[in-house]
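Shown next: protein-v7.txt, containing compact mmCIF, C-alpha atoms.
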```
# COMPACT_ATOMS: atom_id res chain seq x y z
CA MET M 521 -4.72 422.89 92.78
CA ALA M 522 -3.12 419.49 92.27
CA ARG M 523 0.32 421.10 92.21
CA LEU M 524 -0.40 422.91 95.50
CA GLY M 525 -1.51 419.62 97.07
CA SER M 526 1.67 417.89 95.99
CA LEU M 527 3.79 420.72 97.39
CA LEU M 528 2.00 420.43 100.72
CA GLY M 529 2.58 416.68 100.82
CA LYS M 530 -1.03 415.76 100.07
CA SER M 531 -1.70 413.13 97.50
CA ARG M 532 -4.74 412.43 95.44
CA SER M 533 -6.74 409.40 96.30
CA VAL M 534 -6.52 406.95 93.42
CA ARG M 535 -9.42 404.59 92.89
CA PRO M 536 -8.16 401.01 93.08
CA SER M 537 -8.32 399.14 89.80
CA LEU M 538 -9.00 395.53 88.93
CA LEU M 539 -7.41 395.78 85.48
CA PRO M 540 -4.04 394.41 86.67
CA LEU M 541 -5.90 391.36 88.04
CA LEU M 542 -7.20 390.61 84.55
CA ASP M 543 -3.65 390.99 83.16
CA LEU M 544 -2.68 387.87 85.08
CA ARG M 545 -3.73 385.92 81.96
CA SER M 546 -0.52 387.08 80.26
CA ALA M 547 1.56 386.28 83.32
CA ALA M 548 0.19 382.72 83.32
CA LEU M 549 1.96 382.06 80.01
CA THR M 550 5.29 383.10 81.53
CA LEU M 551 4.66 381.01 84.65
CA ARG M 552 3.94 377.96 82.47
CA SER M 553 6.88 378.33 80.09
CA GLY M 554 9.48 379.64 82.54
CA HIS M 555 8.55 377.87 85.76
CA GLY M 556 6.37 374.87 84.81
CA LEU M 557 3.39 376.27 86.73
CA ALA M 558 -0.22 376.31 85.55
CA PRO M 559 -3.38 377.79 87.06
CA THR M 560 -5.27 375.32 89.24
CA GLY M 561 -8.62 377.00 88.60
CA SER M 562 -8.98 378.20 92.19
CA GLY M 563 -8.68 381.60 93.75
CA SER M 564 -10.10 383.68 96.54
CA VAL M 565 -11.10 387.13 97.68
CA CYS M 566 -10.29 387.95 101.29
CA PHE M 567 -11.92 390.69 103.35
CA VAL M 568 -12.66 391.57 106.94
CA ALA M 569 -16.38 391.59 107.65
CA GLU M 570 -17.74 394.11 110.09
CA GLY M 571 -19.20 392.46 113.13
CA ARG M 572 -18.89 388.77 113.87
CA PRO M 573 -17.77 386.66 110.88
CA GLY M 574 -20.24 383.98 109.99
CA ALA M 575 -23.22 385.95 111.22
CA GLY M 576 -24.50 386.37 107.66
CA THR M 577 -23.25 389.92 107.26
CA ASP M 578 -24.35 391.87 104.22
CA ALA M 579 -20.82 391.67 102.78
CA GLU M 580 -20.81 387.86 103.06
CA ILE M 581 -24.17 387.64 101.31
CA VAL M 582 -23.02 389.95 98.49
CA ALA M 583 -19.79 387.96 98.07
CA GLY M 584 -21.55 384.60 98.04
CA LEU M 585 -23.94 385.68 95.30
CA ALA M 586 -21.38 387.37 93.03
CA GLY M 587 -19.91 385.65 90.01
CA ASP M 588 -21.46 382.87 87.96
CA THR M 589 -25.22 382.62 88.49
CA VAL M 590 -25.14 378.83 88.11
CA ARG M 591 -22.53 378.24 90.80
CA ARG M 592 -22.29 379.92 94.15
CA ASN M 593 -19.04 380.90 95.79
CA VAL M 594 -18.04 379.27 99.05
CA VAL M 595 -17.73 381.71 101.93
CA ILE M 596 -15.46 380.55 104.77
CA HIS M 597 -13.79 382.14 107.79
CA ASP M 598 -10.25 381.77 109.06
CA ALA M 599 -8.79 381.91 112.56
CA HIS M 600 -7.78 385.56 112.10
CA GLY M 601 -11.34 386.84 111.66
CA ARG M 602 -11.09 387.19 107.90
CA THR M 603 -13.80 386.13 105.46
CA ILE M 604 -12.59 384.26 102.39
CA VAL M 605 -14.67 383.77 99.26
CA ARG M 606 -13.39 380.71 97.35
CA CYS M 607 -14.03 380.60 93.61
CA TRP M 608 -12.98 377.82 91.26
CA ARG M 609 -13.31 376.50 87.75
CA GLN M 610 -12.99 372.75 87.37
CA ASN M 611 -11.32 372.95 83.99
CA GLY M 612 -8.73 375.41 85.31
CA ASP M 613 -9.97 378.16 82.98
CA LEU M 614 -8.05 381.18 84.23
CA GLY M 615 -10.08 383.66 82.19
CA TRP M 616 -13.39 382.65 83.77
CA LEU M 617 -11.81 382.44 87.23
CA LEU M 618 -10.40 385.97 86.94
CA ASP M 619 -13.79 387.24 85.78
CA ASP M 620 -15.42 385.59 88.82
CA LEU M 621 -12.84 387.08 91.20
CA ALA M 622 -13.22 390.54 89.64
CA ASP M 623 -17.00 390.23 89.95
CA VAL M 624 -16.75 389.39 93.67
CA ASN M 625 -14.44 392.40 94.19
CA GLU M 626 -16.69 394.75 92.23
CA SER M 627 -19.88 393.49 93.88
CA LEU M 628 -18.39 394.12 97.31
CA ALA M 629 -17.04 397.54 96.29
CA GLN M 630 -20.35 398.64 94.76
CA ALA M 631 -22.18 397.53 97.90
CA GLY M 632 -19.94 399.84 99.95
CA PHE M 633 -17.43 397.30 101.25
CA ALA M 634 -14.37 398.36 99.21
CA SER M 635 -12.41 399.40 102.30
CA TRP M 636 -12.86 395.90 103.75
CA LEU M 637 -11.11 394.15 100.84
CA LEU M 638 -7.67 392.77 101.73
CA HIS M 639 -6.44 390.76 98.76
CA THR M 640 -7.33 388.46 95.87
CA THR M 641 -5.39 385.28 95.17
CA VAL M 642 -4.93 382.88 92.25
CA ASP M 643 -3.32 379.47 92.80
CA PHE M 644 -0.76 377.82 90.50
CA ALA M 645 0.68 374.31 90.65
CA GLU M 646 3.35 372.27 88.91
CA LEU M 647 2.09 370.70 85.71
CA ARG M 648 2.87 367.18 86.95
CA ASP M 649 0.96 367.62 90.25
CA MET M 650 -1.99 369.98 89.88
CA ARG M 651 -3.54 368.90 93.20
CA HIS M 652 -1.01 370.75 95.36
CA PRO M 653 -0.58 374.48 94.71
CA ARG M 654 3.04 375.60 94.77
CA LEU M 655 2.50 379.28 94.15
CA THR M 656 -0.17 381.82 94.99
CA MET M 657 -0.20 385.12 93.17
CA VAL M 658 -1.57 387.71 95.58
CA TYR M 659 -3.17 390.91 94.27
CA ARG M 660 -3.47 393.89 96.64
CA ARG M 661 -6.27 396.00 95.18
CA GLU M 662 -5.49 399.15 97.17
CA ARG M 663 -1.89 399.15 95.87
CA GLY M 664 -2.64 397.73 92.43
CA THR M 665 0.26 395.28 92.72
CA PHE M 666 0.96 391.56 92.87
CA TYR M 667 3.39 389.53 94.88
CA PRO M 668 4.16 385.81 94.74
CA TYR M 669 3.72 383.59 97.77
CA ALA M 670 5.41 380.18 97.56
CA PRO M 671 4.68 378.12 100.67
CA ARG M 672 7.25 375.56 101.77
CA GLY M 673 6.21 373.01 104.35
CA THR M 674 3.71 373.94 107.00
CA ARG M 675 5.18 377.23 108.18
CA GLY M 676 7.87 378.30 105.75
CA ARG M 677 8.10 379.95 102.40
CA ASP M 678 10.40 379.57 99.42
CA ARG M 679 11.78 383.11 99.12
CA ALA M 680 14.15 382.18 96.27
CA THR M 681 11.23 381.01 94.12
CA GLU M 682 9.26 384.13 95.02
CA LEU M 683 12.13 386.36 93.89
CA LYS M 684 12.54 384.42 90.62
CA ILE M 685 8.81 384.78 89.93
CA ARG M 686 8.92 388.51 90.67
CA SER M 687 11.86 388.93 88.32
CA SER M 688 10.16 387.10 85.45
CA LEU M 689 6.79 388.88 85.83
CA THR M 690 7.95 392.46 86.49
CA ARG M 691 7.36 393.59 82.91
CA ILE M 692 4.04 391.76 82.59
CA VAL M 693 2.08 392.75 85.70
CA PRO M 694 2.76 395.40 88.36
CA MET M 695 4.79 393.71 91.11
CA GLU M 696 4.99 394.95 94.70
CA PRO M 697 8.52 396.38 95.05
CA ASP M 698 8.52 396.36 98.87
CA ILE M 699 9.22 392.76 99.94
CA GLY M 700 8.22 393.72 103.48
CA ARG M 701 4.63 393.87 102.21
CA TRP M 702 4.71 390.25 100.94
CA HIS M 703 2.63 388.64 103.66
CA PRO M 704 1.73 384.93 103.79
CA VAL M 705 -1.87 384.19 102.87
```

What would you get if you wrote out this structure as structure tokens?
Amino acid sequence: MARLGSLLGKSRSVRPSLLPLLDLRSAALTLRSGHGLAPTGSGSVCFVAEGRPGAGTDAEIVAGLAGDTVRRNVVIHDAHGRTIVRCWRQNGDLGWLLDDLADVNESLAQAGFASWLLHTTVDFAELRDMRHPRLTMVYRRERGTFYPYAPRGTRGRDRATELKIRSSLTRIVPMEPDIGRWHPV
């Protein structure tokens, strides 16, 4: 039956995976040694809430309660109608941060909001100035791929740095091959 579907141009629906997100631990070593970048301990999960953002939607409540039971995630809204769940670890522990981000994603998916998820991000900064992120690794759950976003100034981006990062991480984590899908976050 699968062969018939492929001949007719139909593809199987693949369940999005969070495993590549957890593989970012290995990529962090390459970012540190090859580019002088380290995790800042902050990341986010972005989704579009049904209804009016900020109205205490079920998705926002689920996202705010996911993760570490001691700390609560911060739920904010941007000018584009997206809901952003900010997670952070003060000591910059990437392992715990990735677990928190995966938990937010899974909690939303299990509550029926998987189709609302847009992306998950992890911030990196230069070792000498950890206060200002220089790179955001963006994970697109529905595609199972990453892409680097390197902001430059208030409205630009450093495409050369993004391409260098992609080149160095291609064998470590699945990178988005279509640069046209690398949207600013």

Next item on the list: Show which residues sit within 10 Å of Ala622 in chain M, as a ChimeraX atom specification. Count all atoms listed in the file, and ignore same-chain residues fewer than 4 positions away.
Entry: /M:537-539,541-542,565,586-587,616-618,626-628,640

Notebook entry, point to check: Which residues, written as a ChimeraX atom specification, have at least one atom at most 12 Å from Ala634 in chain M, with all atoms listed in the file counted and residues fewer than 3 positions away on the same chain left out?
Noted result: /M:535-538,565-569,579,583,624-631,637-639,661-662

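Checking M:Pro653, M:Gly601, M:Gly632, M:Gly676 one by one against Val582 in chain M, counting all atoms listed in the file, you find the shortest gap at M:Gly632.
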
What's the 8 Å shell around range 641-643 of chain M, counting all atoms listed in the file, without same-chain residues fewer than 2 positions away, as a PDB file with C-alpha atoms, in the frame of the given file?
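As a result, out-v6.pdb now contains:
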```
ATOM      1  CA  PRO M 559      -3.380 377.790  87.060  1.00  0.00           C
ATOM      2  CA  THR M 560      -5.270 375.320  89.240  1.00  0.00           C
ATOM      3  CA  GLY M 561      -8.620 377.000  88.600  1.00  0.00           C
ATOM      4  CA  SER M 562      -8.980 378.200  92.190  1.00  0.00           C
ATOM      5  CA  GLY M 563      -8.680 381.600  93.750  1.00  0.00           C
ATOM      6  CA  SER M 564     -10.100 383.680  96.540  1.00  0.00           C
ATOM      7  CA  VAL M 565     -11.100 387.130  97.680  1.00  0.00           C
ATOM      8  CA  HIS M 639      -6.440 390.760  98.760  1.00  0.00           C
ATOM      9  CA  ALA M 645       0.680 374.310  90.650  1.00  0.00           C
ATOM     10  CA  PRO M 653      -0.580 374.480  94.710  1.00  0.00           C
ATOM     11  CA  ARG M 654       3.040 375.600  94.770  1.00  0.00           C
ATOM     12  CA  LEU M 655       2.500 379.280  94.150  1.00  0.00           C
ATOM     13  CA  THR M 656      -0.170 381.820  94.990  1.00  0.00           C
ATOM     14  CA  MET M 657      -0.200 385.120  93.170  1.00  0.00           C
ATOM     15  CA  VAL M 658      -1.570 387.710  95.580  1.00  0.00           C
ATOM     16  CA  TYR M 659      -3.170 390.910  94.270  1.00  0.00           C
TER      17      TYR M 659
END
```

Note to self: Just want the 6 Å neighbourhood of range 693-704 of chain M, counted on all atoms listed in the file, with same-chain residues fewer than 6 positions away dropped. Output as a list in words.
What the structure shows: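 Listed by chain and then number, they are Thr665, Phe666 and Tyr667 of chain M.
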
Margin query: Counting all atoms listed in the file, which residues have an atom no more than 6 Å from (-16.1, 381.2, 96.8) in the file's coordinates? Please list them as a PyMOL selection string.
Written below: chain M and resi 593-595+605-607

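As for CA of Leu647 in chain M and CA of Pro540 in chain M, they are spaced 24.5 Å apart.
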
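Going from CA of Ala548 in chain M to CA of Asp623 in chain M covers 19.9 Å.
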